[in-house]
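The structure appears below as structure tokens.
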Amino acid sequence: MTQQILNAIFIGSIYALFAVGYTLVFGVLDVLNLAHSAVFMLGAVITYSLVALHGFPFILAALVAVIACGFLGLLVEYVALRPLRRRGAPPISALISTIGLALIFVAIVEQATPGTLFSWLWQDGANSVRFPSGAVPNPTYHVAGLTLEGTKIGILVTSVVLMLVLGYVIKYTQVGRALRAVAENRRAATLLGINVDRIFSSTLFVSSALGGLAGLLFGLALSDISPYIGRDQVELKGLAVIVLGGMGSIPGAVLGGYLLGLIEVLAFVRFGSNVEAGVAFAALFLVLVIRPQGLFGARLRERL
Amino acid sequence: MGTKLRGLAVAWVLVLAACGSGTSGGTGSSGSYQGKTINLGAILSLTGAGGVYGPSSKKGADLAVEIINNSGGVSGAKLALDTEDDASDKAQSAQVAQRLIQQGQLLALLGPTLSNSAVAVHPLAESFKIPIVAVSTTGIHIVPDCNFPKTDPCKYVFRDSLGEEAAIPANIKVYSQKTHPKTGVLLVANDDKFSSDGGKIVQATVGQYGIQLLDTVQFSKTTADFATPVTQAVKKNPDVIFITSLGGIPAKIMIEARKQGFAGQFLGGNGFNTAVVSKQAGADGKGAQSGSGWYINNTFPSNAAFVKAYKDKYGSDPDQFAAQGYTGVLILADAAKRANLTFSNLAGDRTKLRDALESVNIDTPLGRFQFTSSHDVKQTIWIIQMDGAGGFNLVISVSPS
């Protein structure tokens, strides 16, 4: 059982990291960025390609991938969000434009095989791969009947530290205050001299960098990197997590991530896989009935 | 040259010609189809979960088409193969099949990749009376009863892929007789036909060999983290973990189980039998054992030529799925050659082709190929183990019973 709780904490960290980026964009821009899951996938894919195809050491590859994902976030902002905002389109349009972008990202990877346009990025088409053995040291400890993996502990630490840093930045720094001001009231923030477009861009950058990081950690810990890891395995769950935690709330996303991980694992152990997803979503439903604003959701329109 | 020798030489030439028609599907002397085109369609999973198998089938089939066309076609007719991706999705598979069938030019179909999709596609082909050869589906009730639970045989559905009902028991038997395992745990995906069929076969088989199934851990094929189901299995401390699942899942389970300290044996089914899975599992999959419909170094006439042609064209070794895809086209080409096609009455031609398929008897990389009366294969089963580096080693071959 202890092992299963450890399993829950590890997967919960990844859900949380993914959901933090998701919820950040929602909190500030008031739109759901559904390309987030594709950026998550690209975080893993870019790191893998740098390590396996271009011979980068893992840490450097991961760093490059995270930054590249940040820039992909800017691409999302400039291509899928800003033009719509300029035309005063309702937030629902952004849903569609980001889904479109996500489909394109997934298709680029899924169609990439040796000899094609994107073979420098990916050569395995629809297949699932893992990091070459030895590329990432993964000391595994067996303590008191428990399996502790270096990579998973690293993930836990990375996630917690990053989430704390993000929380600090938002709460106590000038940028964070500007961010919250924009989230609170766009027009008022503009009048106060805050460059709203720049805040939006940096939000997308940070959010996508976190999403990419979550993706590469997912690929590392679960030995699974494929064009579908974002779409099949975290997209809906990430959505569930941010609803559970309270839309736009970062502590909510973190807590929601761990909670979903825990609920899923316990449901699996207790009832089996047939009801695993059912139990998780039933819990979600209950939360929404009792607390429609989610665990940490602000009652009013105060976010982040 | 004496008469006897000359006779031998003539016989040899005839054998070569026969082999030629086996591997190339027809350098036949009759050019009666000259100038015609035989249109075939394939419904394969090139993306999605089945994306680890479909591309191999496609490569094999494309290779066969190329070889046949380069050596004169099917009695002079060119083969054309239109391959469509069903994204490993049952509904999409049926849609693609419907489109291919109704575009009204195809003589026959190959596919689909997954058993889960076959239960939607095969009844469709049966009702439109278009012959379809399954080249990778191994579940239960694929042939002859494609309309299961209705049991009347489907006349237009054939398969050249070795069913799990033959492969899994053969594999368990071989392993048990050598190692005598006492306990096992089954890990099975419960939301996929191929996987759950495999699970049922394992459950029905282990008792015969004195293996006690300590637990059956079911999971969803969309599971992200296999740590949880694997922990459930490993804590029972079994001698064997049986895995019946597809796509990248068997590899992920092996990796996770090794991390959690499992030192026993992995036994599985057709889901193991592709290079992609063996490569992904890597060292953690070394020794994982399954029954396969094909083995790269088998000595059947025409296998070596197939392996060489495949390597020349694609630069990598073929796997079982490639061999079965290749064979599927050879079978259709051979039947087409003997079917006296009219090229004017499509419905009639489809029926003629169907009839001719029942009497196929050619050399293929899978061995001498004939369909059984239930349109299934009866062939050698190759018990193979992953070699830890993306390939497979042969344990033993089991002759058809």
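We name chains A, B, ... following the order of the structure tokens; residues begin at 1 in each chain, and ligands are numbered from 1 as shown.
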
Residues within 9 Å of Pro238 (chain B), only C-alpha atoms, excluding chain neighbours under 5 positions, as a ChimeraX atom specification: /B:181-185,213-214,233,262,264-265

For the selection just defined, write its residues with N, CA and C atoms to a file, as a CSV table (one decimal), in the first residue's frame.
chain,number,residue,atom,x,y,z
B,181,PRO,N,7.1,-23.3,-14.1
B,181,PRO,CA,6.7,-22.2,-13.1
B,181,PRO,C,5.5,-22.7,-12.4
B,182,LYS,N,5.4,-22.1,-11.1
B,182,LYS,CA,4.2,-22.6,-10.3
B,182,LYS,C,3.2,-21.5,-10.2
B,183,THR,N,3.6,-20.2,-10.3
B,183,THR,CA,2.6,-19.2,-10.1
B,183,THR,C,2.7,-18.1,-11.2
B,184,GLY,N,1.6,-17.4,-11.4
B,184,GLY,CA,1.6,-16.4,-12.4
B,184,GLY,C,0.6,-15.3,-12.0
B,185,VAL,N,0.8,-14.1,-12.6
B,185,VAL,CA,-0.2,-13.0,-12.5
B,185,VAL,C,-0.4,-12.6,-13.9
B,213,LEU,N,-2.8,-19.1,-11.1
B,213,LEU,CA,-2.9,-17.7,-11.4
B,213,LEU,C,-3.3,-17.0,-10.1
B,214,LEU,N,-2.3,-16.3,-9.6
B,214,LEU,CA,-2.5,-15.6,-8.2
B,214,LEU,C,-3.4,-14.5,-8.3
B,233,ALA,N,0.7,-6.5,-9.3
B,233,ALA,CA,1.2,-7.8,-9.7
B,233,ALA,C,2.4,-8.2,-9.0
B,262,PHE,N,11.0,-7.1,-10.1
B,262,PHE,CA,10.5,-8.3,-10.6
B,262,PHE,C,11.6,-9.0,-11.4
B,264,GLY,N,11.3,-12.4,-12.5
B,264,GLY,CA,10.7,-13.6,-13.2
B,264,GLY,C,10.6,-13.4,-14.7
B,265,GLN,N,9.7,-14.2,-15.3
B,265,GLN,CA,9.6,-14.3,-16.7
B,265,GLN,C,8.4,-13.5,-17.2

Mind checking which residues fall within 7 Å of region 124-130 of chain A, counting only C-alpha atoms, ignoring those fewer than 6 positions away in the same chain, and posting them as a PyMOL selection string? (chain A and resi 109-113+223-227) or (chain B and resi 47-48+51-52+248+280)

Can I get the selection written as a JSON list (two decimals), in the first residue's frame, with N, CA, C and O atoms?
[["chain", "number", "residue", "atom", "x", "y", "z"],
["A", 109, "VAL", "N", 4.43, 15.47, -35.45],
["A", 109, "VAL", "CA", 5.24, 14.42, -34.83],
["A", 109, "VAL", "C", 4.84, 13.05, -35.36],
["A", 109, "VAL", "O", 5.68, 12.23, -35.73],
["A", 110, "GLU", "N", 3.52, 12.83, -35.44],
["A", 110, "GLU", "CA", 3.05, 11.50, -35.80],
["A", 110, "GLU", "C", 3.43, 11.13, -37.23],
["A", 110, "GLU", "O", 3.64, 9.96, -37.55],
["A", 111, "GLN", "N", 3.58, 12.13, -38.11],
["A", 111, "GLN", "CA", 3.93, 11.83, -39.50],
["A", 111, "GLN", "C", 5.43, 11.80, -39.74],
["A", 111, "GLN", "O", 5.88, 11.53, -40.85],
["A", 112, "ALA", "N", 6.21, 12.15, -38.70],
["A", 112, "ALA", "CA", 7.66, 12.26, -38.92],
["A", 112, "ALA", "C", 8.33, 10.90, -38.87],
["A", 112, "ALA", "O", 8.32, 10.23, -37.86],
["A", 113, "THR", "N", 8.90, 10.50, -40.00],
["A", 113, "THR", "CA", 9.68, 9.26, -40.07],
["A", 113, "THR", "C", 10.97, 9.61, -40.80],
["A", 113, "THR", "O", 11.06, 10.70, -41.36],
["A", 223, "SER", "N", 8.84, 6.13, -19.10],
["A", 223, "SER", "CA", 9.43, 5.48, -20.27],
["A", 223, "SER", "C", 8.47, 5.46, -21.44],
["A", 223, "SER", "O", 8.32, 4.45, -22.11],
["A", 224, "ASP", "N", 7.81, 6.57, -21.64],
["A", 224, "ASP", "CA", 6.80, 6.60, -22.69],
["A", 224, "ASP", "C", 6.82, 7.97, -23.35],
["A", 224, "ASP", "O", 6.40, 8.96, -22.77],
["A", 225, "ILE", "N", 7.36, 8.01, -24.57],
["A", 225, "ILE", "CA", 7.36, 9.26, -25.33],
["A", 225, "ILE", "C", 6.73, 8.95, -26.68],
["A", 225, "ILE", "O", 7.23, 8.10, -27.41],
["A", 226, "SER", "N", 5.62, 9.57, -26.97],
["A", 226, "SER", "CA", 4.96, 9.33, -28.25],
["A", 226, "SER", "C", 4.14, 10.57, -28.58],
["A", 226, "SER", "O", 3.94, 11.43, -27.73],
["A", 227, "PRO", "N", 3.64, 10.67, -29.84],
["A", 227, "PRO", "CA", 2.85, 11.86, -30.19],
["A", 227, "PRO", "C", 1.58, 11.99, -29.35],
["A", 227, "PRO", "O", 0.95, 13.03, -29.36],
["B", 47, "THR", "N", -1.54, 5.03, -37.30],
["B", 47, "THR", "CA", -1.35, 5.91, -36.15],
["B", 47, "THR", "C", -2.18, 5.36, -34.98],
["B", 47, "THR", "O", -2.97, 4.45, -35.16],
["B", 48, "GLY", "N", -1.99, 5.94, -33.82],
["B", 48, "GLY", "CA", -2.69, 5.46, -32.64],
["B", 48, "GLY", "C", -2.02, 4.23, -32.06],
["B", 48, "GLY", "O", -0.90, 3.88, -32.44],
["B", 51, "GLY", "N", -0.35, 1.76, -34.14],
["B", 51, "GLY", "CA", 0.70, 2.34, -34.98],
["B", 51, "GLY", "C", 2.04, 1.63, -34.84],
["B", 51, "GLY", "O", 2.96, 1.88, -35.60],
["B", 52, "VAL", "N", 2.15, 0.73, -33.85],
["B", 52, "VAL", "CA", 3.39, -0.05, -33.76],
["B", 52, "VAL", "C", 3.33, -1.27, -34.69],
["B", 52, "VAL", "O", 4.35, -1.91, -34.93],
["B", 248, "GLY", "N", 2.38, 0.14, -27.17],
["B", 248, "GLY", "CA", 3.59, 0.27, -26.37],
["B", 248, "GLY", "C", 3.44, -0.30, -24.97],
["B", 248, "GLY", "O", 4.39, -0.30, -24.19],
["B", 280, "GLN", "N", 11.54, -0.83, -27.65],
["B", 280, "GLN", "CA", 11.16, 0.04, -26.54],
["B", 280, "GLN", "C", 11.45, -0.63, -25.20],
["B", 280, "GLN", "O", 11.91, 0.00, -24.25]]

Could you please determine the separation between CA of Ala61 (chain A) and CA of Leu213 (chain A) in Å, to one decimal place?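 Atom-to-atom, CA of Ala61 (chain A) to CA of Leu213 (chain A), that is 11.2 Å.
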
Sorted per-residue table, chain B near chain A, closest atoms and distance, 8 Å, only C-alpha atoms, as a tab-separated table:
residue	atom	partner	partner_atom	distance
B:Leu46	CA	A:Ala126	CA	7.3
B:Thr47	CA	A:Ala126	CA	5.1
B:Gly48	CA	A:Ala126	CA	6.3
B:Ala49	CA	A:Ala126	CA	8.0
B:Gly51	CA	A:Ala126	CA	5.4
B:Val52	CA	A:Asn127	CA	5.5
B:Asn190	CA	A:Asn274	CA	7.9
B:Val217	CA	A:Gly272	CA	7.7
B:Gln218	CA	A:Ser273	CA	5.9
B:Phe219	CA	A:Ser273	CA	4.8
B:Ser220	CA	A:Ser273	CA	6.3
B:Thr222	CA	A:Asp232	CA	6.5
B:Thr223	CA	A:Gln233	CA	7.0
B:Ala224	CA	A:Gln233	CA	5.5
B:Asp225	CA	A:Leu222	CA	6.2
B:Phe226	CA	A:Leu222	CA	7.7
B:Ala227	CA	A:Asn7	CA	6.2
B:Thr228	CA	A:Gln4	CA	6.1
B:Pro229	CA	A:Phe268	CA	7.9
B:Thr231	CA	A:Gln4	CA	7.0
B:Gln232	CA	A:Val269	CA	7.6
B:Gly248	CA	A:Ser128	CA	5.9
B:Lys252	CA	A:Ser223	CA	6.6
B:Ile255	CA	A:Ser223	CA	7.6
B:Glu256	CA	A:Leu222	CA	7.9
B:Lys259	CA	A:Thr140	CA	7.2
B:Gln260	CA	A:Thr147	CA	5.6
B:Gly261	CA	A:Thr147	CA	7.7
B:Val276	CA	A:Asn127	CA	7.3
B:Gln280	CA	A:Val129	CA	5.5

Apply DSSP to the structure's backbone, then extract all residues of region 54-214 of chain A labelled helix (DSSP H, G or I) and return them as a PyMOL selection string. chain A and resi 58-86+91-110+150-172+174-184+186-191+196-214

Determine, counting only C-alpha atoms, which protein, DNA and RNA residues have an atom within 12 Å of an atom of Ala309 (chain B); residues of the same chain fewer than 4 positions away are not included. Present the result as a PyMOL selection string. chain B and resi 23-24+59-60+62-64+66-67+302-305+313-318+322-323+326+365

Residues as selected, C-alpha atoms, written as a PDB file, in the first residue's frame, can you do that?
ATOM      1  CA  THR B  23       7.302 -14.975 -54.082  1.00  0.00           C
ATOM      2  CA  SER B  24       6.278 -12.710 -56.869  1.00  0.00           C
ATOM      3  CA  LYS B  59       5.626  -1.938 -45.791  1.00  0.00           C
ATOM      4  CA  GLY B  60       5.294  -5.685 -46.324  1.00  0.00           C
ATOM      5  CA  ASP B  62       3.774  -2.449 -50.551  1.00  0.00           C
ATOM      6  CA  LEU B  63       6.871  -4.541 -51.104  1.00  0.00           C
ATOM      7  CA  ALA B  64       4.818  -7.453 -52.437  1.00  0.00           C
ATOM      8  CA  GLU B  66       6.190  -3.697 -56.095  1.00  0.00           C
ATOM      9  CA  ILE B  67       7.804  -7.095 -56.626  1.00  0.00           C
ATOM     10  CA  SER B 302      10.987 -17.626 -50.412  1.00  0.00           C
ATOM     11  CA  ASN B 303      11.575 -16.316 -46.884  1.00  0.00           C
ATOM     12  CA  ALA B 304      15.203 -15.398 -47.480  1.00  0.00           C
ATOM     13  CA  ALA B 305      14.267 -13.579 -50.684  1.00  0.00           C
ATOM     14  CA  LYS B 313      13.951  -1.447 -49.822  1.00  0.00           C
ATOM     15  CA  TYR B 314      13.629  -0.206 -46.248  1.00  0.00           C
ATOM     16  CA  GLY B 315      17.062  -0.621 -44.707  1.00  0.00           C
ATOM     17  CA  SER B 316      15.794  -2.549 -41.689  1.00  0.00           C
ATOM     18  CA  ASP B 317      14.780  -6.086 -40.772  1.00  0.00           C
ATOM     19  CA  PRO B 318      11.168  -7.051 -41.413  1.00  0.00           C
ATOM     20  CA  ALA B 322       5.617  -7.191 -42.433  1.00  0.00           C
ATOM     21  CA  ALA B 323       5.767 -10.875 -43.361  1.00  0.00           C
ATOM     22  CA  TYR B 326       3.510  -9.301 -47.665  1.00  0.00           C
ATOM     23  CA  PRO B 365       7.568 -16.372 -45.915  1.00  0.00           C
TER      24      PRO B 365
END

Glu235 (chain A) environment, 9 Å, only C-alpha atoms, sequence neighbours closer than 4 positions dropped, as a compact mmCIF listing (two decimals) with N, CA and C atoms, in the first residue's frame:
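Okay, this is what ended up in result30.txt:
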# COMPACT_ATOMS: atom_id res chain seq x y z
N PHE A 18 1.60 19.88 -14.86
CA PHE A 18 0.87 20.12 -16.09
C PHE A 18 -0.27 21.11 -15.85
N LEU A 34 -5.99 24.82 -25.11
CA LEU A 34 -6.04 23.36 -25.33
C LEU A 34 -4.83 22.86 -26.12
N HIS A 36 -2.05 23.15 -24.78
CA HIS A 36 -1.12 22.86 -23.69
C HIS A 36 -0.68 21.40 -23.69
N SER A 37 -1.62 20.49 -23.99
CA SER A 37 -1.26 19.07 -23.98
C SER A 37 -0.29 18.75 -25.11
N ALA A 38 -0.40 19.48 -26.23
CA ALA A 38 0.53 19.23 -27.34
C ALA A 38 1.91 19.76 -27.01
N ILE A 229 1.08 11.27 -25.93
CA ILE A 229 1.09 11.28 -24.46
C ILE A 229 0.29 12.45 -23.89
N GLY A 230 0.28 13.59 -24.60
CA GLY A 230 -0.50 14.71 -24.08
C GLY A 230 -1.99 14.46 -24.22
N ARG A 231 -2.36 14.09 -25.41
CA ARG A 231 -3.78 13.94 -25.74
C ARG A 231 -4.45 12.82 -24.96
N LEU A 239 -7.54 18.97 -17.11
CA LEU A 239 -8.75 19.78 -17.03
C LEU A 239 -9.48 19.47 -15.72
N ALA A 240 -9.56 18.18 -15.42
CA ALA A 240 -10.22 17.76 -14.17
C ALA A 240 -9.51 18.38 -12.98

Find the residues near Ala91 (chain B): any atom within 8 Å, counting only C-alpha atoms, skip ones fewer than 3 places away on the same chain, and give them as a list in words.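 That gives Ala94, Gln95, Ser117 and Ala120 of chain B.
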
Based on the selection just made, write all heavy atoms of those residues as a short mmCIF file (atom, residue, chain, number, x, y, z; two decimals), in the first residue's frame.
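So the final result, stored in again_6.cif, reads:
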data_model
loop_
_atom_site.label_atom_id
_atom_site.label_comp_id
_atom_site.auth_asym_id
_atom_site.auth_seq_id
_atom_site.Cartn_x
_atom_site.Cartn_y
_atom_site.Cartn_z
N ALA B 94 -14.38 1.34 -39.42
CA ALA B 94 -15.59 0.99 -40.18
C ALA B 94 -15.89 2.04 -41.24
O ALA B 94 -16.28 1.72 -42.36
CB ALA B 94 -16.76 0.84 -39.21
N GLN B 95 -15.68 3.30 -40.90
CA GLN B 95 -15.92 4.37 -41.88
C GLN B 95 -15.00 4.25 -43.08
O GLN B 95 -15.43 4.37 -44.22
CB GLN B 95 -15.68 5.74 -41.24
CG GLN B 95 -16.86 6.24 -40.42
CD GLN B 95 -16.50 7.49 -39.65
OE1 GLN B 95 -15.52 8.16 -39.96
NE2 GLN B 95 -17.28 7.81 -38.65
N SER B 117 -11.04 -3.55 -34.18
CA SER B 117 -11.65 -2.92 -35.35
C SER B 117 -12.26 -3.97 -36.29
O SER B 117 -13.24 -3.69 -36.99
CB SER B 117 -10.62 -2.09 -36.12
OG SER B 117 -10.02 -1.15 -35.28
N ALA B 120 -15.88 -4.70 -36.39
CA ALA B 120 -16.74 -3.75 -37.10
C ALA B 120 -16.57 -3.89 -38.61
O ALA B 120 -17.54 -3.80 -39.37
CB ALA B 120 -16.41 -2.32 -36.67
#

Run DSSP on the backbone of this structure and report the residues of region 95-236 of chain B it assigns to strand (DSSP E), as number ranges by chain. B: 108-110, 132-134, 157-159, 183-189, 212-219

Show which residues sit within 12 Å of region 156-165 of chain A, as JSON, numbers by chain. Count only C-alpha atoms, and ignore same-chain residues fewer than 4 positions away. {"A": [6, 7, 8, 9, 10, 11, 12, 13, 14, 15, 16, 17, 18, 19, 20, 21, 24, 148, 149, 150, 151, 152, 169, 170, 171, 172, 173, 176, 206, 207, 209, 210, 211, 213, 214, 215, 217, 218, 221, 250, 251, 252, 253, 254, 255, 257, 258]}

Which residues are near region 368-373 of chain B? Cut-off 10 Å, only C-alpha atoms, ignore same chain within fewer than 6 positions. Put them as a ChimeraX atom specification. /B:22,144,158-160,300-302,327,331,357-362,379-380

Written file, previous selection with N, CA, C and O atoms, as a PDB file, in the first residue's frame:
ATOM      1  N   GLY B  22       5.282 -18.027 -56.210  1.00  0.00           N
ATOM      2  CA  GLY B  22       5.064 -17.894 -54.782  1.00  0.00           C
ATOM      3  C   GLY B  22       5.539 -16.554 -54.285  1.00  0.00           C
ATOM      4  O   GLY B  22       4.796 -15.821 -53.646  1.00  0.00           O
ATOM      5  N   PRO B 144     -14.049 -18.351 -38.432  1.00  0.00           N
ATOM      6  CA  PRO B 144     -14.942 -17.999 -39.536  1.00  0.00           C
ATOM      7  C   PRO B 144     -16.151 -17.177 -39.065  1.00  0.00           C
ATOM      8  O   PRO B 144     -16.860 -16.636 -39.902  1.00  0.00           O
ATOM      9  N   PHE B 158     -11.077 -13.919 -44.525  1.00  0.00           N
ATOM     10  CA  PHE B 158      -9.952 -14.849 -44.404  1.00  0.00           C
ATOM     11  C   PHE B 158      -8.908 -14.208 -43.490  1.00  0.00           C
ATOM     12  O   PHE B 158      -8.925 -12.995 -43.296  1.00  0.00           O
ATOM     13  N   ARG B 159      -8.027 -15.018 -42.932  1.00  0.00           N
ATOM     14  CA  ARG B 159      -6.875 -14.374 -42.296  1.00  0.00           C
ATOM     15  C   ARG B 159      -5.602 -15.174 -42.487  1.00  0.00           C
ATOM     16  O   ARG B 159      -5.645 -16.411 -42.537  1.00  0.00           O
ATOM     17  N   ASP B 160      -4.478 -14.450 -42.583  1.00  0.00           N
ATOM     18  CA  ASP B 160      -3.188 -15.130 -42.699  1.00  0.00           C
ATOM     19  C   ASP B 160      -2.356 -14.941 -41.431  1.00  0.00           C
ATOM     20  O   ASP B 160      -1.180 -15.245 -41.407  1.00  0.00           O
ATOM     21  N   PHE B 300      11.944 -21.488 -44.777  1.00  0.00           N
ATOM     22  CA  PHE B 300      10.976 -21.749 -45.836  1.00  0.00           C
ATOM     23  C   PHE B 300      11.469 -21.145 -47.142  1.00  0.00           C
ATOM     24  O   PHE B 300      12.056 -20.074 -47.153  1.00  0.00           O
ATOM     25  N   PRO B 301      11.206 -21.864 -48.265  1.00  0.00           N
ATOM     26  CA  PRO B 301      11.588 -21.274 -49.544  1.00  0.00           C
ATOM     27  C   PRO B 301      10.885 -19.920 -49.658  1.00  0.00           C
ATOM     28  O   PRO B 301       9.754 -19.803 -49.227  1.00  0.00           O
ATOM     29  N   SER B 302      11.544 -18.956 -50.169  1.00  0.00           N
ATOM     30  CA  SER B 302      10.987 -17.626 -50.412  1.00  0.00           C
ATOM     31  C   SER B 302      11.104 -16.692 -49.205  1.00  0.00           C
ATOM     32  O   SER B 302      10.925 -15.498 -49.329  1.00  0.00           O
ATOM     33  N   THR B 327       2.585 -11.485 -47.251  1.00  0.00           N
ATOM     34  CA  THR B 327       1.892 -12.724 -47.609  1.00  0.00           C
ATOM     35  C   THR B 327       0.452 -12.448 -48.042  1.00  0.00           C
ATOM     36  O   THR B 327      -0.054 -13.069 -48.988  1.00  0.00           O
ATOM     37  N   ILE B 331      -1.151 -13.846 -51.499  1.00  0.00           N
ATOM     38  CA  ILE B 331      -2.329 -14.718 -51.511  1.00  0.00           C
ATOM     39  C   ILE B 331      -3.388 -14.158 -52.461  1.00  0.00           C
ATOM     40  O   ILE B 331      -3.941 -14.876 -53.300  1.00  0.00           O
ATOM     41  N   LEU B 357      -9.620 -17.960 -53.449  1.00  0.00           N
ATOM     42  CA  LEU B 357      -8.845 -17.845 -52.207  1.00  0.00           C
ATOM     43  C   LEU B 357      -8.870 -19.164 -51.422  1.00  0.00           C
ATOM     44  O   LEU B 357      -7.887 -19.537 -50.778  1.00  0.00           O
ATOM     45  N   GLU B 358      -9.994 -19.856 -51.501  1.00  0.00           N
ATOM     46  CA  GLU B 358     -10.122 -21.097 -50.726  1.00  0.00           C
ATOM     47  C   GLU B 358      -9.154 -22.166 -51.201  1.00  0.00           C
ATOM     48  O   GLU B 358      -8.851 -23.093 -50.463  1.00  0.00           O
ATOM     49  N   SER B 359      -8.664 -22.018 -52.447  1.00  0.00           N
ATOM     50  CA  SER B 359      -7.743 -23.040 -52.938  1.00  0.00           C
ATOM     51  C   SER B 359      -6.313 -22.513 -53.118  1.00  0.00           C
ATOM     52  O   SER B 359      -5.529 -23.095 -53.853  1.00  0.00           O
ATOM     53  N   VAL B 360      -6.002 -21.410 -52.438  1.00  0.00           N
ATOM     54  CA  VAL B 360      -4.622 -20.918 -52.494  1.00  0.00           C
ATOM     55  C   VAL B 360      -3.686 -21.976 -51.939  1.00  0.00           C
ATOM     56  O   VAL B 360      -3.988 -22.621 -50.929  1.00  0.00           O
ATOM     57  N   ASN B 361      -2.564 -22.177 -52.620  1.00  0.00           N
ATOM     58  CA  ASN B 361      -1.560 -23.118 -52.119  1.00  0.00           C
ATOM     59  C   ASN B 361      -0.206 -22.681 -52.656  1.00  0.00           C
ATOM     60  O   ASN B 361       0.229 -23.118 -53.704  1.00  0.00           O
ATOM     61  N   ILE B 362       0.444 -21.775 -51.956  1.00  0.00           N
ATOM     62  CA  ILE B 362       1.687 -21.185 -52.466  1.00  0.00           C
ATOM     63  C   ILE B 362       2.740 -21.114 -51.372  1.00  0.00           C
ATOM     64  O   ILE B 362       2.440 -21.227 -50.185  1.00  0.00           O
ATOM     65  N   GLN B 379      -0.228 -23.318 -39.395  1.00  0.00           N
ATOM     66  CA  GLN B 379       1.174 -23.080 -39.721  1.00  0.00           C
ATOM     67  C   GLN B 379       2.071 -23.312 -38.519  1.00  0.00           C
ATOM     68  O   GLN B 379       1.621 -23.488 -37.400  1.00  0.00           O
ATOM     69  N   THR B 380       3.363 -23.301 -38.796  1.00  0.00           N
ATOM     70  CA  THR B 380       4.359 -23.426 -37.747  1.00  0.00           C
ATOM     71  C   THR B 380       4.244 -22.243 -36.787  1.00  0.00           C
ATOM     72  O   THR B 380       4.035 -21.117 -37.213  1.00  0.00           O
TER      73      THR B 380
END

Smallest atom-to-atom distance to Leu267 (chain B): which of B:Leu341, B:Val157, B:Ile383, B:Leu332, using only C-alpha atoms?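 Among B:Leu341, B:Val157, B:Ile383, B:Leu332, it is B:Ile383 that comes nearest to Leu267 (chain B).
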
Nearest residue to Asp145 (chain B) out of B:Leu40, B:Ala61, B:Ala97, B:Val119, using only C-alpha atoms? B:Val119
